[in-house]
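The structure file work-v2.cif is reproduced below (mmCIF, C-alpha atoms).
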data_work
loop_
_atom_site.group_PDB
_atom_site.id
_atom_site.type_symbol
_atom_site.label_atom_id
_atom_site.label_comp_id
_atom_site.auth_asym_id
_atom_site.auth_seq_id
_atom_site.Cartn_x
_atom_site.Cartn_y
_atom_site.Cartn_z
ATOM 1 C CA MET C 185 18.130 -33.282 -26.145
ATOM 2 C CA SER C 186 15.119 -33.801 -23.852
ATOM 3 C CA ASN C 187 11.585 -33.794 -25.172
ATOM 4 C CA PRO C 188 9.585 -30.589 -24.743
ATOM 5 C CA LEU C 189 7.246 -30.482 -21.780
ATOM 6 C CA THR C 190 3.575 -31.151 -22.392
ATOM 7 C CA ILE C 191 1.094 -28.592 -21.145
ATOM 8 C CA ASP C 192 0.276 -30.621 -18.032
ATOM 9 C CA GLN C 193 3.980 -31.045 -17.281
ATOM 10 C CA GLN C 194 4.489 -27.326 -17.687
ATOM 11 C CA VAL C 195 1.686 -26.629 -15.225
ATOM 12 C CA LEU C 196 3.224 -29.018 -12.693
ATOM 13 C CA HIS C 197 6.668 -27.457 -13.128
ATOM 14 C CA VAL C 198 5.225 -23.981 -12.618
ATOM 15 C CA TYR C 199 3.294 -25.103 -9.542
ATOM 16 C CA VAL C 200 6.404 -26.615 -7.973
ATOM 17 C CA ALA C 201 8.568 -23.568 -8.754
ATOM 18 C CA LEU C 202 6.024 -21.091 -7.390
ATOM 19 C CA GLN C 203 5.527 -23.092 -4.215
ATOM 20 C CA ASN C 204 9.254 -22.891 -3.563
ATOM 21 C CA LEU C 205 10.220 -19.463 -4.937
ATOM 22 C CA ALA C 206 7.089 -17.437 -4.272
ATOM 23 C CA HIS C 207 5.720 -19.106 -1.143
ATOM 24 C CA GLY C 208 8.969 -20.259 0.452
ATOM 25 C CA ARG C 209 7.949 -23.886 0.909
ATOM 26 C CA ALA C 210 10.715 -26.420 1.458
ATOM 27 C CA VAL C 211 11.552 -28.758 -1.435
ATOM 28 C CA ASN C 212 10.889 -31.803 0.780
ATOM 29 C CA ASP C 213 7.339 -30.650 1.529
ATOM 30 C CA ILE C 214 6.574 -29.994 -2.131
ATOM 31 C CA ALA C 215 8.019 -33.377 -3.089
ATOM 32 C CA ALA C 216 5.680 -35.080 -0.639
ATOM 33 C CA ASP C 217 2.706 -33.222 -2.178
ATOM 34 C CA ILE C 218 3.434 -34.331 -5.738
ATOM 35 C CA GLY C 219 4.733 -37.800 -4.931
ATOM 36 C CA LYS C 220 8.261 -37.311 -6.275
ATOM 37 C CA SER C 221 11.712 -37.445 -4.736
ATOM 38 C CA ARG C 222 13.389 -34.348 -3.327
ATOM 39 C CA PHE C 223 15.987 -34.438 -6.120
ATOM 40 C CA ALA C 224 13.408 -34.737 -8.889
ATOM 41 C CA THR C 225 11.451 -31.830 -7.399
ATOM 42 C CA ALA C 226 14.574 -29.667 -7.177
ATOM 43 C CA ARG C 227 15.310 -30.440 -10.850
ATOM 44 C CA MET C 228 11.775 -29.353 -11.762
ATOM 45 C CA ILE C 229 12.311 -25.966 -10.087
ATOM 46 C CA LYS C 230 15.591 -25.498 -11.903
ATOM 47 C CA ARG C 231 14.073 -26.548 -15.228
ATOM 48 C CA ALA C 232 11.054 -24.252 -14.838
ATOM 49 C CA ARG C 233 13.409 -21.299 -14.476
ATOM 50 C CA ALA C 234 15.683 -22.432 -17.311
ATOM 51 C CA LEU C 235 12.732 -22.736 -19.702
ATOM 52 C CA GLY C 236 11.344 -19.347 -18.707
ATOM 53 C CA LEU C 237 8.141 -20.813 -17.280
ATOM 54 C CA VAL C 238 8.679 -18.666 -14.177
ATOM 55 C CA GLU C 239 10.719 -15.520 -13.734
ATOM 56 C CA VAL C 240 12.639 -14.293 -10.732
ATOM 57 C CA ARG C 241 13.127 -10.549 -10.956
ATOM 58 C CA PRO C 242 13.771 -7.780 -8.465
ATOM 59 C CA THR C 243 10.827 -5.589 -7.533
ATOM 60 C CA VAL C 244 12.605 -3.210 -5.158
ATOM 61 C CA SER C 245 10.891 0.143 -5.572
ATOM 62 C CA ALA C 246 14.066 2.133 -4.899
ATOM 63 C CA PRO C 247 16.756 2.546 -7.608
ATOM 64 C CA VAL C 248 19.250 0.128 -6.045
ATOM 65 C CA ASP C 249 21.500 -2.391 -7.802
ATOM 66 C CA VAL C 250 20.539 -5.555 -5.930
ATOM 67 C CA GLY C 251 23.387 -7.703 -7.249
ATOM 68 C CA LEU C 252 26.165 -5.221 -6.491
ATOM 69 C CA SER C 253 24.681 -4.542 -3.066
ATOM 70 C CA ALA C 254 24.800 -8.234 -2.154
ATOM 71 C CA GLN C 255 28.311 -8.695 -3.553
ATOM 72 C CA LEU C 256 29.654 -5.699 -1.670
ATOM 73 C CA ALA C 257 28.146 -6.806 1.630
ATOM 74 C CA GLN C 258 29.512 -10.330 1.234
ATOM 75 C CA ARG C 259 32.983 -9.228 0.116
ATOM 76 C CA TYR C 260 33.527 -6.822 3.019
ATOM 77 C CA GLY C 261 31.561 -8.566 5.755
ATOM 78 C CA LEU C 262 28.881 -5.893 6.024
ATOM 79 C CA ARG C 263 25.510 -6.422 7.631
ATOM 80 C CA GLY C 264 24.007 -4.544 4.691
ATOM 81 C CA ALA C 265 24.902 -2.481 1.628
ATOM 82 C CA LEU C 266 22.875 -0.320 -0.738
ATOM 83 C CA VAL C 267 24.429 0.470 -4.105
ATOM 84 C CA VAL C 268 22.469 3.329 -5.622
ATOM 85 C CA ALA C 269 21.830 2.755 -9.320
ATOM 86 C CA THR C 270 23.457 5.900 -10.659
ATOM 87 C CA HIS C 271 26.367 6.291 -13.085
ATOM 88 C CA SER C 272 26.244 10.081 -13.084
ATOM 89 C CA PRO C 273 29.630 11.760 -13.641
ATOM 90 C CA ASP C 274 28.243 14.850 -11.930
ATOM 91 C CA VAL C 275 29.173 15.095 -8.246
ATOM 92 C CA LEU C 276 25.988 16.900 -7.223
ATOM 93 C CA GLU C 277 23.701 14.502 -9.098
ATOM 94 C CA ALA C 278 25.419 11.492 -7.546
ATOM 95 C CA ARG C 279 25.197 13.054 -4.075
ATOM 96 C CA GLU C 280 21.482 13.751 -4.518
ATOM 97 C CA ALA C 281 20.815 10.171 -5.671
ATOM 98 C CA ILE C 282 22.671 8.749 -2.668
ATOM 99 C CA ALA C 283 20.864 11.185 -0.360
ATOM 100 C CA ARG C 284 17.454 9.930 -1.545
ATOM 101 C CA ILE C 285 18.317 6.326 -0.689
ATOM 102 C CA THR C 286 19.921 7.431 2.570
ATOM 103 C CA ALA C 287 16.714 9.211 3.565
ATOM 104 C CA ARG C 288 14.729 6.041 2.825
ATOM 105 C CA PHE C 289 17.184 3.945 4.846
ATOM 106 C CA ILE C 290 16.967 6.287 7.836
ATOM 107 C CA VAL C 291 13.164 6.190 7.782
ATOM 108 C CA ASP C 292 13.176 2.390 7.545
ATOM 109 C CA ASN C 293 15.674 1.866 10.368
ATOM 110 C CA VAL C 294 14.940 4.459 13.038
ATOM 111 C CA ALA C 295 12.967 3.003 15.939
ATOM 112 C CA GLU C 296 11.093 4.588 18.829
ATOM 113 C CA ASP C 297 13.386 5.864 21.602
ATOM 114 C CA ASP C 298 16.598 5.404 19.599
ATOM 115 C CA ILE C 299 19.560 7.633 20.328
ATOM 116 C CA LEU C 300 20.745 8.594 16.859
ATOM 117 C CA GLY C 301 24.127 9.983 15.902
ATOM 118 C CA PHE C 302 24.702 12.003 12.734
ATOM 119 C CA ALA C 303 27.787 13.622 11.267
ATOM 120 C CA PRO C 304 27.242 16.995 9.542
ATOM 121 C CA GLY C 305 28.105 15.781 6.027
ATOM 122 C CA ARG C 306 26.658 17.277 2.867
ATOM 123 C CA THR C 307 24.863 14.093 1.785
ATOM 124 C CA LEU C 308 23.202 13.846 5.179
ATOM 125 C CA VAL C 309 22.127 17.485 4.936
ATOM 126 C CA LEU C 310 20.320 16.661 1.692
ATOM 127 C CA ALA C 311 18.842 13.462 3.166
ATOM 128 C CA SER C 312 17.552 15.323 6.229
ATOM 129 C CA ARG C 313 15.633 17.708 3.967
ATOM 130 C CA LEU C 314 13.843 14.801 2.251
ATOM 131 C CA ILE C 315 12.499 13.047 5.344
ATOM 132 C CA GLU C 316 8.944 13.935 6.355
ATOM 133 C CA ALA C 317 8.439 11.972 9.590
ATOM 134 C CA LEU C 318 10.378 9.872 12.093
ATOM 135 C CA PRO C 319 9.598 8.071 15.361
ATOM 136 C CA SER C 320 10.399 9.813 18.629
ATOM 137 C CA ALA C 321 14.179 9.704 19.176
ATOM 138 C CA ASP C 322 17.086 11.759 20.483
ATOM 139 C CA VAL C 323 19.506 13.171 17.909
ATOM 140 C CA VAL C 324 23.201 13.706 18.596
ATOM 141 C CA GLN C 325 25.820 15.418 16.423
ATOM 142 C CA LEU C 326 28.839 13.116 16.178
ATOM 143 C CA THR C 327 31.528 15.570 15.068
ATOM 144 C CA GLY C 328 32.262 19.240 15.031
ATOM 145 C CA VAL C 329 31.604 21.048 11.789
ATOM 146 C CA GLY C 330 33.754 21.773 8.793
ATOM 147 C CA ALA C 331 31.460 24.256 7.081
ATOM 148 C CA PRO C 332 32.371 27.953 7.070
ATOM 149 C CA ARG C 333 29.301 28.739 9.184
ATOM 150 C CA LEU C 334 28.497 26.714 12.293
ATOM 151 C CA GLU C 335 24.746 27.038 11.700
ATOM 152 C CA ASP C 336 25.164 25.282 8.331
ATOM 153 C CA GLY C 337 27.059 22.437 9.991
ATOM 154 C CA VAL C 338 24.311 21.642 12.482
ATOM 155 C CA GLU C 339 21.480 21.626 9.921
ATOM 156 C CA VAL C 340 21.262 17.823 9.946
ATOM 157 C CA ILE C 341 20.716 17.794 13.702
ATOM 158 C CA ALA C 342 18.188 20.636 13.568
ATOM 159 C CA ASN C 343 16.160 19.087 10.725
ATOM 160 C CA LEU C 344 16.018 15.586 12.190
ATOM 161 C CA GLY C 345 15.466 16.864 15.711
ATOM 162 C CA ARG C 346 12.313 18.648 14.571
ATOM 163 C CA LEU C 347 11.071 15.432 12.984
ATOM 164 C CA THR C 348 11.735 13.136 15.941
ATOM 165 C CA GLY C 349 10.578 15.594 18.591
ATOM 166 C CA GLY C 350 13.236 14.246 20.939
ATOM 167 C CA ALA C 351 16.197 15.961 22.553
ATOM 168 C CA THR C 352 18.819 17.375 20.198
ATOM 169 C CA HIS C 353 22.491 17.594 21.069
ATOM 170 C CA PRO C 354 24.427 19.770 18.598
ATOM 171 C CA LEU C 355 28.163 20.483 18.638
ATOM 172 C CA TYR C 356 28.746 24.192 18.111
ATOM 173 C CA ALA C 357 32.459 23.705 17.612
ATOM 174 C CA PRO C 358 34.917 23.207 14.733
ATOM 175 C CA GLY C 359 35.793 19.676 13.714
ATOM 176 C CA ILE C 360 39.484 20.261 14.429
ATOM 177 C CA LEU C 361 40.949 22.507 17.107
ATOM 178 C CA THR C 362 44.075 24.576 16.588
ATOM 179 C CA LYS C 363 47.364 23.515 18.162
ATOM 180 C CA ASP C 364 46.959 26.187 20.825
ATOM 181 C CA PRO C 365 46.383 24.359 24.170
ATOM 182 C CA GLU C 366 43.820 27.005 25.085
ATOM 183 C CA ALA C 367 41.669 25.916 22.133
ATOM 184 C CA ARG C 368 40.297 23.059 24.252
ATOM 185 C CA VAL C 369 38.587 25.518 26.556
ATOM 186 C CA ILE C 370 35.581 25.465 24.223
ATOM 187 C CA LEU C 371 35.011 21.798 25.097
ATOM 188 C CA LYS C 372 34.293 22.727 28.712
ATOM 189 C CA HIS C 373 31.082 24.521 27.753
ATOM 190 C CA PRO C 374 28.131 22.703 29.425
ATOM 191 C CA SER C 375 26.193 22.241 26.158
ATOM 192 C CA ILE C 376 29.208 20.656 24.467
ATOM 193 C CA GLN C 377 29.867 18.468 27.502
ATOM 194 C CA ARG C 378 26.263 17.189 27.352
ATOM 195 C CA THR C 379 26.761 16.203 23.726
ATOM 196 C CA LEU C 380 30.114 14.520 24.356
ATOM 197 C CA ARG C 381 28.611 12.418 27.158
ATOM 198 C CA LYS C 382 25.911 11.145 24.775
ATOM 199 C CA PHE C 383 28.520 9.388 22.594
ATOM 200 C CA GLU C 384 28.571 6.426 24.972
ATOM 201 C CA HIS C 385 24.854 5.802 24.403
ATOM 202 C CA ILE C 386 24.423 6.030 20.600
ATOM 203 C CA ASP C 387 22.296 3.227 19.097
ATOM 204 C CA LYS C 388 22.761 4.065 15.409
ATOM 205 C CA ALA C 389 25.448 6.223 13.806
ATOM 206 C CA PHE C 390 25.276 7.772 10.338
ATOM 207 C CA LEU C 391 28.484 9.219 8.901
ATOM 208 C CA THR C 392 29.547 10.499 5.511
ATOM 209 C CA ILE C 393 32.794 9.496 3.840
ATOM 210 C CA GLY C 394 35.024 12.397 2.838
ATOM 211 C CA GLY C 395 37.354 11.961 -0.140
ATOM 212 C CA TRP C 396 40.709 13.718 0.107
ATOM 213 C CA PRO C 397 41.327 16.420 -0.666
ATOM 214 C CA GLU C 398 38.646 17.791 -3.006
ATOM 215 C CA ALA C 399 35.604 16.151 -1.389
ATOM 216 C CA SER C 400 36.598 16.659 2.237
ATOM 217 C CA LEU C 401 35.411 19.280 4.701
ATOM 218 C CA MET C 402 38.167 18.241 7.099
ATOM 219 C CA ALA C 403 40.821 18.800 4.435
ATOM 220 C CA GLY C 404 39.443 22.304 4.024
ATOM 221 C CA GLN C 405 39.846 22.965 7.739
ATOM 222 C CA LEU C 406 43.400 21.656 7.748
ATOM 223 C CA SER C 407 44.146 23.803 4.723
ATOM 224 C CA ASP C 408 42.979 26.869 6.666
ATOM 225 C CA LEU C 409 45.301 25.806 9.502
ATOM 226 C CA GLY C 410 48.211 25.341 7.098
ATOM 227 C CA GLU C 411 48.441 21.605 7.808
ATOM 228 C CA ARG C 412 46.765 19.875 4.877
ATOM 229 C CA GLU C 413 49.937 19.109 2.958
ATOM 230 C CA GLU C 414 51.406 17.352 5.999
ATOM 231 C CA TYR C 415 48.505 14.882 6.092
ATOM 232 C CA GLU C 416 48.447 14.366 2.356
ATOM 233 C CA GLN C 417 52.098 13.341 2.633
ATOM 234 C CA LYS C 418 51.101 10.868 5.336
ATOM 235 C CA GLY C 419 48.864 9.185 2.773
ATOM 236 C CA VAL C 420 45.386 10.337 3.851
ATOM 237 C CA VAL C 421 42.769 9.435 1.219
ATOM 238 C CA ALA C 422 39.581 9.539 3.293
ATOM 239 C CA GLU C 423 37.900 10.690 6.467
ATOM 240 C CA ILE C 424 34.973 9.319 8.407
ATOM 241 C CA GLY C 425 33.861 10.611 11.768
ATOM 242 C CA THR C 426 37.030 11.790 13.508
ATOM 243 C CA MET C 427 39.235 9.328 11.632
ATOM 244 C CA LEU C 428 41.693 10.064 8.843
ATOM 245 C CA LEU C 429 42.326 6.942 6.743
ATOM 246 C CA ASP C 430 45.086 5.818 4.414
ATOM 247 C CA ALA C 431 44.502 3.660 1.332
ATOM 248 C CA ASP C 432 44.645 0.463 3.391
ATOM 249 C CA GLY C 433 41.996 1.712 5.823
ATOM 250 C CA GLY C 434 44.518 2.391 8.561
ATOM 251 C CA THR C 435 44.085 5.360 10.900
ATOM 252 C CA VAL C 436 46.527 8.208 10.237
ATOM 253 C CA SER C 437 47.800 9.720 13.458
ATOM 254 C CA GLY C 438 48.771 13.286 14.315
ATOM 255 C CA LEU C 439 45.536 14.997 15.354
ATOM 256 C CA GLU C 440 44.945 13.180 18.632
ATOM 257 C CA GLY C 441 43.358 15.474 21.171
ATOM 258 C CA ARG C 442 42.394 18.008 18.525
ATOM 259 C CA PHE C 443 39.365 16.306 16.988
ATOM 260 C CA VAL C 444 35.966 17.349 18.303
ATOM 261 C CA GLY C 445 33.636 14.386 18.104
ATOM 262 C CA ILE C 446 33.110 10.720 18.732
ATOM 263 C CA SER C 447 36.294 8.681 19.087
ATOM 264 C CA GLU C 448 37.113 5.617 16.999
ATOM 265 C CA GLU C 449 36.692 3.414 20.074
ATOM 266 C CA GLN C 450 33.286 4.905 20.882
ATOM 267 C CA LEU C 451 32.159 4.605 17.280
ATOM 268 C CA ARG C 452 33.133 0.952 16.966
ATOM 269 C CA ALA C 453 31.007 0.218 20.040
ATOM 270 C CA VAL C 454 27.831 1.520 18.334
ATOM 271 C CA ASP C 455 25.451 -1.267 17.285
ATOM 272 C CA MET C 456 24.662 0.117 13.806
ATOM 273 C CA ARG C 457 27.317 2.131 11.954
ATOM 274 C CA VAL C 458 26.328 3.437 8.524
ATOM 275 C CA ALA C 459 28.906 4.919 6.129
ATOM 276 C CA ILE C 460 27.527 7.049 3.314
ATOM 277 C CA GLY C 461 29.393 8.351 0.279
ATOM 278 C CA GLY C 462 30.065 7.966 -3.403
ATOM 279 C CA GLY C 463 30.238 9.728 -6.717
ATOM 280 C CA PRO C 464 33.169 10.547 -8.990
ATOM 281 C CA GLY C 465 36.423 11.011 -7.108
ATOM 282 C CA LYS C 466 35.420 9.024 -4.017
ATOM 283 C CA GLU C 467 36.411 5.547 -5.162
ATOM 284 C CA HIS C 468 39.594 5.431 -3.056
ATOM 285 C CA ALA C 469 37.836 6.974 -0.059
ATOM 286 C CA VAL C 470 34.995 4.429 -0.075
ATOM 287 C CA LEU C 471 37.483 1.572 -0.430
ATOM 288 C CA ALA C 472 39.517 2.913 2.513
ATOM 289 C CA ALA C 473 36.369 3.151 4.641
ATOM 290 C CA LEU C 474 35.480 -0.449 3.768
ATOM 291 C CA ARG C 475 38.968 -1.666 4.604
ATOM 292 C CA SER C 476 38.873 0.144 7.941
ATOM 293 C CA GLY C 477 35.953 -1.991 9.121
ATOM 294 C CA ILE C 478 34.496 1.041 10.875
ATOM 295 C CA ALA C 479 31.053 0.634 9.284
ATOM 296 C CA ASP C 480 28.740 -2.361 9.182
ATOM 297 C CA HIS C 481 26.418 -0.765 6.593
ATOM 298 C CA LEU C 482 27.365 1.158 3.452
ATOM 299 C CA ILE C 483 25.375 3.358 1.072
ATOM 300 C CA THR C 484 27.292 4.216 -2.097
ATOM 301 C CA ASP C 485 26.941 4.288 -5.885
ATOM 302 C CA ILE C 486 27.751 1.897 -8.724
ATOM 303 C CA ARG C 487 31.058 3.587 -9.559
ATOM 304 C CA CYS C 488 32.487 3.173 -6.055
ATOM 305 C CA ALA C 489 31.003 -0.304 -5.557
ATOM 306 C CA LYS C 490 32.606 -1.627 -8.729
ATOM 307 C CA ALA C 491 35.936 -0.063 -7.786
ATOM 308 C CA ALA C 492 35.797 -1.735 -4.360
ATOM 309 C CA LEU C 493 34.918 -5.113 -5.883
ATOM 310 C CA ALA C 494 37.676 -4.875 -8.512
ATOM 311 C CA VAL C 495 40.576 -4.982 -6.025
#
Would you mind writing the structure in this file as structure tokens?
Amino acid sequence: MSNPLTIDQQVLHVYVALQNLAHGRAVNDIAADIGKSRFATARMIKRARALGLVEVRPTVSAPVDVGLSAQLAQRYGLRGALVVATHSPDVLEAREAIARITARFIVDNVAEDDILGFAPGRTLVLASRLIEALPSADVVQLTGVGAPRLEDGVEVIANLGRLTGGATHPLYAPGILTKDPEARVILKHPSIQRTLRKFEHIDKAFLTIGGWPEASLMAGQLSDLGEREEYEQKGVVAEIGTMLLDADGGTVSGLEGRFVGISEEQLRAVDMRVAIGGGPGKEHAVLAALRSGIADHLITDIRCAKAALAV
């Protein structure tokens, strides 16, 4: 057992550790300052932490689990992940907690003159109500709506468009067209055509993850069309954008030409792609979205993050 450090040794250990951990100085530079080898200096930093002479603790102001966020990003090759520190079994509480962090993320990442794409998901509706200001940017709706009223479905675009002061491009159309060939006539409307053309120019896309079937607006639409059971039998567990996903993250076919919104190919070409979703019942959906590789950023909760890391 080593002898306890004297007070002067403690001070030196603390100095070395703070120079490296707090000020970011290289170990070699610190070693030159104190006249010791690089290895001895590195041991001093490690010992200072082990003895509790210095503490390394997160000071992120937002309620985010830093460790889970880093693990999730590393495991699934994401550019970034935010795991909201909520264990709530209540769907609405979990959605509100995720929406608060989503709003913060949007504010932190929107830049002047961006062309922003948003899906009309419920979490994004809540997030759009929390944001107070944004830089000037254009706002584009990425999919048709699944809400019973079209005006509810475009609330995200309306709210954020007012904040950015840029051009807004809504999609006043359902998310899924009927099988009737004449249903595509709606896509010829000039306002819808303007929105569809914007998909090639999106800088940042924000999409919610739908969990099948209870937490999915698209499943509700297919139910109205009498087709939901068919897609459940095909193994659909999630939706994101205009993609239906199976448990392995594969795209489930069958609705080609009937989706109204950004295509998978167009979405994968966007520089920043943010998937948002979590809460009880969405574990399989979040995992499917991660496996699909469609997003390079994820905002979720502890429940879904742990489920994704457990497989």
Matched chain/residue IDs from the PyMOL selection byres ((chain C and resi 376-393) around 6), as a list in words: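 Taken over the shown coordinates, the PyMOL selection byres ((chain C and resi 376-393) around 6) returns Ile299, Leu300, Gly301, Phe302, Ala303, Gly305, His353, Leu355, Leu371, His373, Pro374, Ser375, Gly394, Glu423, Ile424, Val454, Asp455, Met456, Arg457, Val458, Ala459, Ile460 and Gly461 of chain C.
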Evaluate the PyMOL selection byres ((chain C and resi 472) around 10) and report residues as number ranges by chain: C: 393, 395, 420-424, 428-435, 466-471, 473-478, 492
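Atom CA of C:Gly465 lies 16.2 Å from atom CA of C:Val267.
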C:Asp249 surroundings by only C-alpha atoms, 8 Å radius, close-in-sequence under 4 positions cut, as an MDAnalysis selection string: chainID C and resid 253 266:269 486
If you keep C-alpha atoms, can you produce a file of those selected residues as a compact mmCIF listing (two decimals), in the coordinates of the input?
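Contents of part.txt, freshly written:
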# COMPACT_ATOMS: atom_id res chain seq x y z
CA SER C 253 24.68 -4.54 -3.07
CA LEU C 266 22.88 -0.32 -0.74
CA VAL C 267 24.43 0.47 -4.11
CA VAL C 268 22.47 3.33 -5.62
CA ALA C 269 21.83 2.76 -9.32
CA ILE C 486 27.75 1.90 -8.72
Resolved residues for the PyMOL selection byres ((chain C and resi 270) around 10) as an NGL selection string: :C and (247-249 or 267-269 or 271-273 or 277-279 or 281-282 or 463 or 484-487)
Could you write out the selected residues, including C-alpha atoms, as a compact mmCIF listing (two decimals), keeping the file's coordinate frame?
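So the final result, stored in selection09.txt, reads:
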# COMPACT_ATOMS: atom_id res chain seq x y z
CA PRO C 247 16.76 2.55 -7.61
CA VAL C 248 19.25 0.13 -6.04
CA ASP C 249 21.50 -2.39 -7.80
CA VAL C 267 24.43 0.47 -4.11
CA VAL C 268 22.47 3.33 -5.62
CA ALA C 269 21.83 2.76 -9.32
CA HIS C 271 26.37 6.29 -13.08
CA SER C 272 26.24 10.08 -13.08
CA PRO C 273 29.63 11.76 -13.64
CA GLU C 277 23.70 14.50 -9.10
CA ALA C 278 25.42 11.49 -7.55
CA ARG C 279 25.20 13.05 -4.08
CA ALA C 281 20.82 10.17 -5.67
CA ILE C 282 22.67 8.75 -2.67
CA GLY C 463 30.24 9.73 -6.72
CA THR C 484 27.29 4.22 -2.10
CA ASP C 485 26.94 4.29 -5.88
CA ILE C 486 27.75 1.90 -8.72
CA ARG C 487 31.06 3.59 -9.56
Two-atom distance - atom CA of C:Val238, atom CA of C:Ala215 (Å):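 A separation of 18.4 Å between them.
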Atom-to-atom span, atom CA of C:Ala403 and atom CA of C:Arg288, Å: 29.1 Å
Cut-off 12 Å around (8.4, -25.5, -2.1) with all atoms listed in the file: residues as a VMD selection string: chain C and resid 197 to 218 222 225 to 226 228 to 229
